[in-house]
file final19.txt (compact mmCIF, C-alpha atoms and all ligand atoms)
# COMPACT_ATOMS: atom_id res chain seq x y z
CA PRO P 158 35.43 8.55 -20.48
CA GLY P 159 33.18 5.63 -21.39
CA LEU P 160 34.80 3.32 -18.82
CA ASP P 161 32.85 1.00 -16.55
CA PRO P 162 34.61 0.38 -13.20
CA ASP P 163 33.00 -3.06 -13.05
CA ASP P 164 35.12 -4.05 -16.05
CA ASN P 165 38.16 -4.24 -13.75
CA ARG P 166 36.53 -7.22 -12.07
CA ARG P 167 35.30 -8.72 -15.38
CA ALA P 168 38.72 -8.40 -17.03
CA LEU P 169 40.38 -10.12 -14.10
CA GLU P 170 37.73 -12.87 -13.96
CA LEU P 171 38.01 -13.62 -17.70
CA ASP P 172 41.79 -13.59 -17.45
CA ARG P 173 41.85 -15.97 -14.50
CA ALA P 174 39.29 -18.22 -16.19
CA GLY P 175 41.11 -18.68 -19.50
CA VAL P 176 44.50 -17.01 -19.98
CA PHE P 177 47.80 -18.84 -19.52
CA HIS P 178 50.53 -16.30 -18.69
CA SER P 179 54.25 -16.06 -19.59
CA TRP P 180 56.96 -16.97 -17.04
CA SER P 181 54.42 -17.48 -14.24
CA ALA P 182 52.99 -19.98 -11.79
CA GLN P 183 49.41 -19.75 -13.07
CA ALA P 184 47.56 -20.19 -9.78
CA GLU P 185 49.54 -17.45 -8.03
CA LEU P 186 48.74 -14.59 -10.37
CA SER P 187 46.73 -11.41 -9.97
CA PRO P 188 47.60 -9.36 -13.04
CA MET P 189 47.20 -5.60 -13.14
CA VAL P 190 44.21 -4.50 -15.24
CA LEU P 191 44.77 -1.82 -17.86
CA ALA P 192 42.13 -0.24 -20.06
CA GLY P 193 43.65 2.81 -21.73
CA GLY P 194 46.62 5.10 -22.09
CA SER P 195 47.96 8.33 -23.57
CA GLY P 196 51.55 9.55 -23.71
CA CYS P 197 53.24 8.35 -20.51
CA ARG P 198 50.01 7.61 -18.57
CA VAL P 199 47.88 4.47 -18.35
CA TRP P 200 44.65 3.76 -16.48
CA ASP P 201 42.33 0.91 -15.53
CA TYR P 202 38.55 0.66 -16.13
CA ALA P 203 37.86 2.64 -12.95
CA GLY P 204 40.01 5.49 -14.28
CA THR P 205 42.79 4.91 -11.72
CA GLU P 206 45.81 6.44 -13.43
CA TYR P 207 49.52 5.58 -13.33
CA LEU P 208 52.61 7.37 -14.60
CA ASP P 209 54.38 4.69 -16.63
CA PHE P 210 58.05 4.20 -15.74
CA SER P 211 58.11 0.76 -17.41
CA SER P 212 57.04 1.32 -21.03
CA GLN P 213 55.29 -2.05 -20.44
CA LEU P 214 58.13 -4.45 -21.33
CA VAL P 215 60.43 -1.54 -22.20
CA ASN P 216 58.86 -1.29 -25.64
CA VAL P 217 56.39 1.63 -25.75
CA ASN P 218 59.12 4.12 -26.68
CA ILE P 219 56.78 6.56 -28.44
CA GLY P 220 54.20 6.51 -25.61
CA TYR P 221 50.61 5.31 -25.72
CA GLN P 222 48.18 6.02 -28.57
CA HIS P 223 50.45 8.26 -30.61
CA PRO P 224 47.84 9.69 -33.02
CA ARG P 225 50.06 9.44 -36.11
CA VAL P 226 50.86 5.76 -35.54
CA VAL P 227 47.26 4.87 -34.70
CA ALA P 228 46.07 6.65 -37.88
CA ALA P 229 48.71 4.90 -40.02
CA ILE P 230 47.54 1.49 -38.76
CA GLN P 231 43.90 2.43 -39.43
CA GLU P 232 44.72 3.64 -42.96
CA GLN P 233 46.70 0.50 -43.78
CA ALA P 234 43.88 -1.65 -42.36
CA ALA P 235 41.41 0.09 -44.66
CA GLN P 236 43.68 -0.50 -47.68
CA LEU P 237 45.10 -4.04 -47.16
CA VAL P 238 45.29 -5.79 -43.80
CA THR P 239 47.56 -8.69 -44.74
CA VAL P 240 49.84 -9.79 -47.54
CA SER P 241 52.29 -12.66 -48.09
CA PRO P 242 55.99 -12.02 -47.38
CA ALA P 243 56.82 -13.08 -50.95
CA THR P 244 55.07 -10.01 -52.38
CA ALA P 245 56.37 -6.45 -52.67
CA ASN P 246 54.40 -3.81 -50.82
CA LEU P 247 54.97 -0.11 -50.24
CA ALA P 248 54.61 -0.25 -46.46
CA ARG P 249 57.31 -2.94 -46.15
CA GLY P 250 59.71 -1.19 -48.54
CA GLU P 251 59.25 2.16 -46.80
CA ALA P 252 59.82 0.52 -43.39
CA ALA P 253 63.07 -1.13 -44.56
CA LYS P 254 64.26 2.15 -46.09
CA ARG P 255 63.71 4.06 -42.85
CA ILE P 256 65.33 1.43 -40.63
CA LEU P 257 68.40 1.39 -42.90
CA GLU P 258 68.51 5.21 -42.78
CA VAL P 259 68.49 5.44 -39.00
CA ALA P 260 70.97 2.56 -38.64
CA GLY P 261 73.62 4.38 -40.72
CA GLU P 262 76.54 2.87 -42.65
CA GLY P 263 77.19 -0.85 -42.64
CA PHE P 264 73.84 -2.45 -43.49
CA SER P 265 72.11 -3.15 -46.79
CA ARG P 266 68.97 -5.18 -46.03
CA VAL P 267 66.33 -5.86 -43.38
CA PHE P 268 64.69 -9.22 -42.66
CA PHE P 269 61.40 -8.76 -40.81
CA THR P 270 60.14 -11.01 -38.01
CA ASN P 271 57.27 -10.96 -35.52
CA GLY P 272 59.38 -9.91 -32.53
CA GLY P 273 62.77 -10.07 -30.87
CA ALA P 274 63.16 -13.80 -30.24
CA ASP P 275 62.65 -14.78 -33.87
CA ALA P 276 64.95 -11.92 -34.90
CA ASN P 277 67.68 -13.61 -32.85
CA GLU P 278 66.75 -17.05 -34.27
CA ASN P 279 67.28 -15.71 -37.77
CA ALA P 280 70.46 -13.77 -36.98
CA ILE P 281 71.91 -16.98 -35.49
CA ARG P 282 70.83 -18.93 -38.60
CA MET P 283 72.47 -16.31 -40.88
CA ALA P 284 75.70 -16.43 -38.85
CA ARG P 285 75.83 -20.24 -38.92
CA LEU P 286 75.12 -20.46 -42.64
CA SER P 287 77.56 -17.73 -43.59
CA THR P 288 80.45 -19.11 -41.50
CA GLY P 289 79.72 -22.83 -41.82
CA ARG P 290 80.27 -22.97 -38.04
CA ASP P 291 77.99 -24.03 -35.26
CA THR P 292 78.60 -22.48 -31.86
CA VAL P 293 77.06 -19.25 -30.59
CA LEU P 294 78.75 -17.45 -27.69
CA SER P 295 76.59 -15.22 -25.52
CA GLN P 296 76.69 -13.71 -22.04
CA TYR P 297 75.40 -15.20 -18.80
CA ARG P 298 73.86 -11.84 -17.91
CA SER P 299 71.53 -11.65 -20.92
CA TYR P 300 68.05 -12.22 -22.32
CA HIS P 301 67.56 -12.95 -26.02
CA GLY P 302 63.98 -14.26 -26.24
CA GLY P 303 61.73 -17.19 -25.43
CA THR P 304 62.14 -19.48 -28.49
CA GLY P 305 64.45 -22.40 -29.46
CA ALA P 306 67.95 -20.98 -29.93
CA ALA P 307 67.14 -17.56 -28.43
CA ILE P 308 66.22 -18.98 -25.01
CA VAL P 309 69.33 -21.18 -24.94
CA ALA P 310 71.47 -18.19 -25.97
CA THR P 311 69.87 -16.34 -23.03
CA GLY P 312 72.11 -16.41 -19.97
CA ASP P 313 69.62 -15.94 -17.14
CA TRP P 314 67.74 -18.73 -15.28
CA ARG P 315 65.14 -19.05 -18.03
CA ARG P 316 67.68 -20.89 -20.21
CA ILE P 317 68.04 -23.79 -17.80
CA PRO P 318 64.63 -25.55 -18.12
CA ASN P 319 64.74 -24.95 -21.92
CA ARG P 320 68.17 -26.26 -22.82
CA TYR P 321 67.22 -28.35 -25.87
CA ALA P 322 69.14 -26.51 -28.62
CA ARG P 323 72.77 -27.41 -29.14
CA GLY P 324 75.71 -25.23 -30.08
CA HIS P 325 75.63 -22.61 -27.33
CA ARG P 326 78.32 -21.51 -24.88
CA HIS P 327 78.31 -18.63 -22.38
CA PHE P 328 80.79 -16.15 -20.96
CA PHE P 329 80.74 -13.22 -18.53
CA GLY P 330 80.55 -9.69 -19.87
CA PRO P 331 81.95 -6.69 -18.01
CA PHE P 332 80.09 -5.30 -14.98
CA ALA P 333 82.43 -3.41 -12.66
CA TYR P 334 79.82 -3.02 -9.87
CA ARG P 335 79.64 -6.80 -9.40
CA SER P 336 82.87 -7.82 -11.08
CA GLU P 337 83.47 -11.49 -11.92
CA PHE P 338 87.12 -10.57 -12.54
CA TRP P 339 88.17 -9.02 -9.19
CA SER P 340 88.75 -5.75 -11.05
CA ASP P 341 89.30 -2.40 -9.37
CA GLY P 342 87.43 -0.28 -11.92
CA GLU P 343 86.06 0.06 -15.44
CA GLU P 344 89.37 -0.05 -17.27
CA GLN P 345 90.61 -3.21 -15.59
CA GLU P 346 87.14 -4.77 -15.89
CA CYS P 347 87.20 -4.10 -19.65
CA GLU P 348 90.67 -5.53 -20.13
CA ARG P 349 89.94 -8.67 -18.10
CA ALA P 350 86.50 -9.26 -19.69
CA LEU P 351 88.09 -9.12 -23.15
CA HIS P 352 90.83 -11.51 -22.06
CA HIS P 353 88.16 -13.89 -20.67
CA LEU P 354 86.20 -13.75 -23.97
CA GLU P 355 89.28 -14.48 -26.06
CA ARG P 356 90.31 -17.38 -23.79
CA THR P 357 86.74 -18.76 -24.01
CA ILE P 358 86.94 -18.65 -27.81
CA GLN P 359 90.31 -20.41 -27.82
CA ALA P 360 89.22 -23.03 -25.30
CA GLU P 361 85.96 -23.78 -27.15
CA GLY P 362 87.80 -24.00 -30.50
CA ALA P 363 87.96 -20.76 -32.46
CA GLY P 364 87.20 -22.52 -35.76
CA THR P 365 83.84 -23.77 -34.43
CA ILE P 366 82.39 -20.41 -33.37
CA ALA P 367 79.83 -18.85 -35.71
CA ALA P 368 78.75 -15.83 -33.69
CA ILE P 369 79.19 -13.69 -30.63
CA LEU P 370 75.70 -12.53 -29.64
CA ILE P 371 75.61 -9.63 -27.17
CA GLU P 372 73.05 -7.11 -26.00
CA THR P 373 74.83 -3.81 -26.70
CA ILE P 374 73.69 -2.72 -23.24
CA PRO P 375 72.36 -5.76 -21.35
CA GLY P 376 68.82 -4.75 -20.39
CA THR P 377 66.71 -7.24 -18.42
CA ALA P 378 69.86 -8.46 -16.67
CA GLY P 379 70.37 -5.02 -15.12
CA ILE P 380 71.00 -2.20 -17.65
CA MET P 381 74.79 -2.48 -17.59
CA PRO P 382 76.46 -0.09 -20.05
CA PRO P 383 79.82 -1.68 -20.95
CA PRO P 384 83.11 0.19 -20.48
CA ALA P 385 83.93 2.35 -23.54
CA GLY P 386 86.58 -0.03 -24.90
CA TYR P 387 84.65 -3.29 -24.53
CA LEU P 388 82.60 -3.46 -27.74
CA PRO P 389 85.47 -2.19 -29.94
CA GLY P 390 87.57 -4.92 -28.29
CA VAL P 391 84.91 -7.56 -29.03
CA ARG P 392 84.71 -6.35 -32.64
CA GLU P 393 88.48 -6.74 -32.99
CA ILE P 394 88.44 -10.26 -31.49
CA ALA P 395 85.50 -11.30 -33.69
CA ASP P 396 87.36 -10.09 -36.79
CA ARG P 397 90.58 -11.83 -35.79
CA TYR P 398 88.80 -15.20 -35.45
CA GLY P 399 86.36 -14.81 -38.37
CA ILE P 400 83.32 -14.71 -36.05
CA VAL P 401 80.07 -12.87 -36.87
CA LEU P 402 79.22 -10.13 -34.34
CA ILE P 403 75.48 -9.93 -33.63
CA LEU P 404 74.33 -7.05 -31.43
CA ASP P 405 70.89 -7.55 -29.88
CA GLU P 406 69.23 -4.11 -29.82
CA VAL P 407 65.73 -5.43 -29.15
CA MET P 408 65.52 -3.44 -25.92
CA ALA P 409 68.29 -0.85 -26.38
CA GLY P 410 67.39 0.23 -29.94
CA PHE P 411 65.11 2.93 -31.34
CA GLY P 412 65.71 5.76 -28.92
CA ARG P 413 65.90 3.99 -25.58
CA THR P 414 69.54 5.04 -24.92
CA GLY P 415 69.13 8.51 -26.42
CA ASP P 416 70.53 7.26 -29.76
CA TRP P 417 68.78 5.49 -32.63
CA PHE P 418 70.85 2.43 -31.76
CA ALA P 419 73.00 1.86 -28.69
CA PHE P 420 75.94 0.66 -30.82
CA HIS P 421 76.20 4.20 -32.21
CA ARG P 422 77.52 5.22 -28.77
CA TYR P 423 80.47 2.83 -28.93
CA GLY P 424 81.89 3.39 -32.43
CA VAL P 425 81.40 -0.22 -33.57
CA THR P 426 79.56 -1.65 -36.56
CA PRO P 427 78.23 -5.17 -35.99
CA ASP P 428 77.60 -7.66 -38.82
CA LEU P 429 73.99 -8.21 -37.76
CA VAL P 430 71.67 -6.20 -35.50
CA THR P 431 68.45 -7.60 -34.08
CA PHE P 432 65.63 -5.23 -33.20
CA ALA P 433 61.91 -5.28 -32.19
CA LYS P 434 60.09 -3.41 -29.37
CA GLY P 435 60.80 0.30 -30.05
CA VAL P 436 60.79 -0.09 -33.85
CA ASN P 437 57.04 0.55 -33.67
CA SER P 438 56.56 0.60 -29.90
CA GLY P 439 54.70 -2.71 -30.06
CA TYR P 440 51.60 -1.13 -31.62
CA VAL P 441 51.64 -4.19 -33.92
CA PRO P 442 54.11 -7.03 -33.20
CA ALA P 443 57.30 -6.69 -35.28
CA GLY P 444 61.02 -7.26 -35.17
CA GLY P 445 63.84 -7.93 -37.55
CA VAL P 446 67.48 -8.29 -38.47
CA LEU P 447 69.63 -5.55 -39.99
CA ILE P 448 72.06 -7.31 -42.32
CA SER P 449 75.51 -6.19 -43.47
CA PRO P 450 76.23 -6.41 -47.22
CA ARG P 451 78.71 -9.27 -46.76
CA ILE P 452 76.12 -11.52 -45.12
CA ALA P 453 73.20 -10.34 -47.29
CA GLU P 454 75.22 -11.12 -50.46
CA ARG P 455 75.87 -14.63 -49.21
CA PHE P 456 72.20 -15.26 -50.07
CA ASP P 457 72.18 -13.49 -53.45
CA HIS P 458 72.17 -16.80 -55.30
CA ASP P 459 71.83 -19.33 -52.48
CA VAL P 460 68.35 -19.66 -51.01
CA TYR P 461 67.97 -18.29 -47.47
CA PRO P 462 66.32 -21.18 -45.60
CA GLY P 463 64.13 -19.19 -43.21
CA GLY P 464 60.81 -17.35 -43.22
CA LEU P 465 57.59 -16.47 -41.40
CA THR P 466 53.99 -16.11 -42.65
CA TYR P 467 53.84 -12.62 -41.14
CA SER P 468 57.33 -11.39 -42.11
CA GLY P 469 56.75 -7.75 -43.05
CA HIS P 470 53.05 -7.74 -42.10
CA PRO P 471 51.54 -4.53 -43.55
CA LEU P 472 49.94 -3.33 -40.30
CA ALA P 473 53.28 -3.72 -38.47
CA MET P 474 55.12 -2.06 -41.36
CA ALA P 475 52.74 0.91 -41.48
CA ALA P 476 53.26 1.30 -37.73
CA ILE P 477 57.06 1.25 -38.24
CA VAL P 478 56.93 3.93 -40.95
CA ALA P 479 54.73 6.24 -38.86
CA THR P 480 56.76 5.59 -35.68
CA ILE P 481 60.10 6.45 -37.27
CA ASP P 482 58.63 9.50 -39.05
CA ALA P 483 57.05 10.78 -35.82
CA MET P 484 60.22 10.11 -33.81
CA ARG P 485 62.27 12.07 -36.35
CA ASP P 486 59.82 14.97 -36.74
CA GLU P 487 59.27 15.34 -32.99
CA GLY P 488 62.91 14.90 -31.92
CA ILE P 489 61.95 11.99 -29.66
CA VAL P 490 65.41 10.38 -29.60
CA ASP P 491 66.99 13.72 -28.63
CA ASN P 492 64.31 14.11 -25.95
CA ALA P 493 65.32 10.76 -24.43
CA ALA P 494 68.99 11.82 -24.42
CA ARG P 495 68.22 15.23 -22.89
CA VAL P 496 65.80 14.07 -20.18
CA GLY P 497 68.26 11.30 -19.28
CA ALA P 498 71.26 13.59 -19.01
CA GLU P 499 69.55 16.60 -17.43
CA VAL P 500 66.87 15.08 -15.19
CA ILE P 501 66.96 11.31 -14.67
CA GLY P 502 70.73 10.85 -14.22
CA PRO P 503 71.23 13.73 -11.73
CA ALA P 504 68.05 12.85 -9.79
CA LEU P 505 69.04 9.18 -9.48
CA HIS P 506 72.51 10.13 -8.26
CA ARG P 507 70.85 12.31 -5.58
CA LEU P 508 68.68 9.32 -4.65
CA ALA P 509 71.85 7.26 -4.18
CA GLU P 510 73.22 9.91 -1.81
CA ASP P 511 69.98 10.15 0.20
CA HIS P 512 69.11 6.46 0.58
CA PRO P 513 71.53 3.90 2.05
CA SER P 514 69.71 1.09 0.19
CA VAL P 515 70.65 2.49 -3.24
CA GLY P 516 73.93 0.72 -4.00
CA ASP P 517 74.35 1.83 -7.60
CA VAL P 518 72.60 3.81 -10.34
CA ARG P 519 73.61 3.51 -13.99
CA GLY P 520 72.31 4.08 -17.48
CA CYS P 521 71.72 6.67 -20.18
CA GLY P 522 68.77 8.13 -22.08
CA VAL P 523 65.59 6.60 -20.66
CA PHE P 524 67.38 3.35 -19.78
CA TRP P 525 68.45 3.37 -16.10
CA ALA P 526 68.75 0.91 -13.23
CA ILE P 527 68.61 1.54 -9.50
CA GLU P 528 70.33 -1.32 -7.66
CA LEU P 529 68.96 -1.83 -4.13
CA VAL P 530 71.12 -3.45 -1.49
CA ALA P 531 70.79 -4.53 2.12
CA ASP P 532 74.04 -2.85 3.16
CA GLY P 533 75.65 0.38 2.02
CA ASP P 534 78.68 -1.33 0.46
CA GLY P 535 76.50 -2.97 -2.14
CA ALA P 536 77.35 -6.61 -1.57
CA GLU P 537 74.00 -8.01 -0.54
CA PRO P 538 70.97 -7.57 -2.86
CA LEU P 539 67.78 -6.39 -1.14
CA ASP P 540 65.48 -9.37 -0.42
CA ALA P 541 62.43 -10.32 -2.51
CA ALA P 542 59.85 -9.49 0.19
CA THR P 543 61.16 -5.94 0.58
CA MET P 544 61.26 -5.50 -3.20
CA ALA P 545 57.61 -6.67 -3.39
CA ALA P 546 56.65 -4.17 -0.66
CA LEU P 547 58.48 -1.42 -2.55
CA LYS P 548 56.66 -2.28 -5.79
CA ALA P 549 53.29 -2.14 -3.97
CA GLU P 550 54.26 1.22 -2.42
CA LEU P 551 55.16 2.64 -5.85
CA LEU P 552 51.90 1.43 -7.43
CA GLY P 553 49.94 2.84 -4.48
CA ARG P 554 51.54 6.22 -5.16
CA GLY P 555 50.51 6.15 -8.84
CA LEU P 556 53.74 4.95 -10.46
CA LEU P 557 53.84 1.91 -12.75
CA PRO P 558 57.39 0.70 -12.12
CA PHE P 559 59.60 -1.96 -13.72
CA VAL P 560 60.82 -3.97 -10.74
CA THR P 561 63.01 -7.04 -11.26
CA ALA P 562 65.25 -8.93 -8.82
CA ASN P 563 66.76 -6.26 -6.51
CA ARG P 564 66.40 -3.45 -9.05
CA ILE P 565 64.04 -0.75 -10.24
CA HIS P 566 64.56 -0.11 -13.94
CA VAL P 567 63.70 3.50 -14.74
CA VAL P 568 62.49 3.04 -18.31
CA PRO P 569 59.71 5.50 -19.17
CA PRO P 570 58.67 6.11 -22.79
CA CYS P 571 61.19 8.20 -24.79
CA VAL P 572 58.57 10.97 -24.96
CA VAL P 573 58.69 11.49 -21.17
CA THR P 574 58.86 15.17 -20.25
CA ALA P 575 61.32 16.63 -17.72
CA GLN P 576 58.36 17.20 -15.35
CA GLU P 577 57.10 13.63 -15.66
CA ALA P 578 60.61 12.25 -15.10
CA ALA P 579 61.01 14.40 -11.98
CA GLU P 580 57.51 13.43 -10.79
CA GLY P 581 58.26 9.70 -11.12
CA ILE P 582 61.60 9.91 -9.36
CA ALA P 583 60.01 11.94 -6.55
CA ILE P 584 57.57 9.03 -6.09
CA ILE P 585 60.50 6.58 -5.89
CA ASP P 586 62.19 8.89 -3.36
CA ALA P 587 59.03 9.03 -1.23
CA ALA P 588 58.44 5.26 -1.44
CA LEU P 589 62.03 4.51 -0.36
CA GLY P 590 61.58 7.00 2.49
CA ALA P 591 58.25 5.47 3.57
CA LEU P 592 59.90 2.01 3.81
CA ARG P 593 62.99 3.52 5.52
CA LEU P 594 65.25 2.18 2.77
N1 LIG V 601 66.32 -9.53 -26.84
C1 LIG V 601 66.27 -8.65 -25.83
C2 LIG V 601 67.47 -7.86 -25.47
C3 LIG V 601 65.06 -8.47 -25.12
O1 LIG V 601 65.00 -7.60 -24.11
C4 LIG V 601 63.93 -9.22 -25.51
C5 LIG V 601 62.64 -9.08 -24.78
O2 LIG V 601 62.58 -8.56 -23.69
C6 LIG V 601 64.05 -10.13 -26.57
C7 LIG V 601 65.26 -10.26 -27.22
C8 LIG V 601 62.88 -10.97 -27.00
O3 LIG V 601 61.95 -10.21 -27.70
P1 LIG V 601 60.45 -10.74 -27.88
O4 LIG V 601 59.86 -10.86 -26.52
O5 LIG V 601 59.81 -9.68 -28.76
O6 LIG V 601 60.53 -12.04 -28.59
call {"tool": "encode", "arguments": {"input": "final19.txt", "output": "structure tokens"}}
result
Amino acid sequence: PGLDPDDNRRALELDRAGVFHSWSAQAELSPMVLAGGSGCRVWDYAGTEYLDFSSQLVNVNIGYQHPRVVAAIQEQAAQLVTVSPATANLARGEAAKRILEVAGEGFSRVFFTNGGADANENAIRMARLSTGRDTVLSQYRSYHGGTGAAIVATGDWRRIPNRYARGHRHFFGPFAYRSEFWSDGEEQECERALHHLERTIQAEGAGTIAAILIETIPGTAGIMPPPAGYLPGVREIADRYGIVLILDEVMAGFGRTGDWFAFHRYGVTPDLVTFAKGVNSGYVPAGGVLISPRIAERFDHDVYPGGLTYSGHPLAMAAIVATIDAMRDEGIVDNAARVGAEVIGPALHRLAEDHPSVGDVRGCGVFWAIELVADGDGAEPLDAATMAALKAELLGRGLLPFVTANRIHVVPPCVVTAQEAAEGIAIIDAALGALRL
């Protein structure tokens, strides 16, 4: 209602005339136009509708236009749209209280940022200041954000043209499907990955390492849930060498895995947790660091040398409060767990049986990857041209997918219904069939 189909053309023209896009060759772009959304559906100005299996950048956990969150932002805007981080304000205090509640034992304070990258910048700063050490260890298969230290902590290709921050080293995490350790299964993969981490620490100089920074479940790199013993093993190694354990839950947190935080699945308590995205589904940009008492107390009488003009911005904070309240009242985290276990997981495993190109499926909650390969044994990733054709086929059939490298990430909003999940996977099934994959 109220849409003008001609605005598709105008939006694209204005974009191409003036907007500089992230991670892109500017002259080769033709971005998708979006005008509106509700729940798990989005549409353009012509009213062409898509079922969203991407949650945009895996952040719209509560779905589009949740009325309670929209109303909370409107009410806060009417009362006070902006306030300095040095002040006290109800919205910020209530947001911190709720985040600490859903995180559980082990954390006493929250530092607010504008998103995930600056959450990691500040967690790294806290780890360096509290240990007096310099080096940050992180995984090759990782993404931690687009700014100074966060992009150099990132393991994927985006680190390489940005390598201007010092004090970073990388290691391989466990991934049995494409093992770097010649393992024959999860248990051996876990054991060897832990051995490799400990040897990396020793070889780099244990006394120089401030932090191990890990995505609890690496997301952009391929949604790779670690073997059950891996994170407890990392926790033990970090403790033995006096290293701060930072878990990056920017993508995995706030319901995505069917838990409030992914680390809850593995029985570990990190020293610092970074979050963003799902904390308020990106309705207003926000992120932050959950801080353990030991690190928070380090700055009781010493000044913390970090801050942001918009740390704890009231519109973002009001959106956090309403998001967490709505997620609790509506059982949205449980919904993600249930739809993942009862619908998405079984349907993706059937897809793997029916299509020779599906080499592996893995995940939990509403956080799944389908790995597409050129041969049935899974060695050779499907080529970029075929992946592009598959993406076009999915869009043509009304599904907004998250396609990256040789994978489809099945990452709908946490509010996805069993019917919507089945509908989306049926579209993937049909698209694979149409391309004879
Ligand atoms: N950490 C992880 C695990 C992410 O997935 C992302 C974004 O995709 C970030 C950090 C960076 O967050 P932002 O883009 O909000 O800075």
call {"tool": "residues_near_ligand", "arguments": {"input": "final19.txt", "ligand": "ligand LIG 601 (chain V)", "cutoff": "10 Å", "atoms": "all atoms listed in the file", "output": "ChimeraX atom specification"}}
result
/P:214-216,270-278,299-304,307-308,311,371-378,404-410,431-434,439,442-445
call {"tool": "closest_residue", "arguments": {"input": "final19.txt", "among": "P:Arg323, P:Lys254, P:Arg249, P:Arg167", "to": "P:Pro471", "atoms": "only C-alpha atoms"}}
result
P:Arg249
call {"tool": "residues_around", "arguments": {"input": "final19.txt", "residues": "P:Thr357", "least_positions_apart": "5", "cutoff": "10 Å", "atoms": "only C-alpha atoms", "output": "JSON, numbers by chain"}}
result
{"P": [294, 326, 327, 328, 329, 351, 352, 362, 363]}
call {"tool": "atom_distance", "arguments": {"input": "final19.txt", "atom1": "atom CA of P:Asp532", "atom2": "atom CA of P:Val567"}}
result
21.6 Å
call {"tool": "closest_residue", "arguments": {"input": "final19.txt", "among": "P:Leu547, P:Ala583, P:Ile256, P:Ala367", "to": "P:Arg485", "atoms": "all atoms listed in the file"}}
result
P:Ile256
call {"tool": "closest_residue", "arguments": {"input": "final19.txt", "among": "P:Ser181, P:Ser241, P:Thr365, P:Asn437", "to": "P:Gly464", "atoms": "only C-alpha atoms"}}
result
P:Ser241
call {"tool": "atom_distance", "arguments": {"input": "final19.txt", "atom1": "atom CA of P:Gln296", "atom2": "atom CA of P:Val441"}}
result
29.3 Å
call {"tool": "closest_residue", "arguments": {"input": "final19.txt", "among": "P:Gln236, P:Ser514, P:Gln231, P:Ser265", "to": "P:Ile448", "atoms": "all atoms listed in the file"}}
result
P:Ser265
call {"tool": "closest_residue", "arguments": {"input": "final19.txt", "among": "P:Cys571, P:Phe269, P:Ala453, P:Tyr321", "to": "P:Glu487", "atoms": "only C-alpha atoms"}}
result
P:Cys571
call {"tool": "closest_residue", "arguments": {"input": "final19.txt", "among": "P:Asp486, P:Gly220, P:Asp416, P:Ala192", "to": "P:Ala168", "atoms": "only C-alpha atoms"}}
result
P:Ala192
call {"tool": "atom_distance", "arguments": {"input": "final19.txt", "atom1": "atom CA of P:Asp396", "atom2": "atom CA of P:Ile452"}}
result
14.1 Å
call {"tool": "residues_around", "arguments": {"input": "final19.txt", "residues": "stretch 422-425 of chain P", "least_positions_apart": "3", "cutoff": "8 Å", "atoms": "only C-alpha atoms", "output": "PyMOL selection string"}}
result
chain P and resi 385-386+388-389+392+416+418-419
call {"tool": "residues_around", "arguments": {"input": "final19.txt", "residues": "P:Leu508", "least_positions_apart": "2", "cutoff": "10 Å", "atoms": "only C-alpha atoms", "output": "VMD selection string"}}
result
chain P and resid 502 to 506 510 to 515 517 to 518 527 582 to 583 585 to 586 589
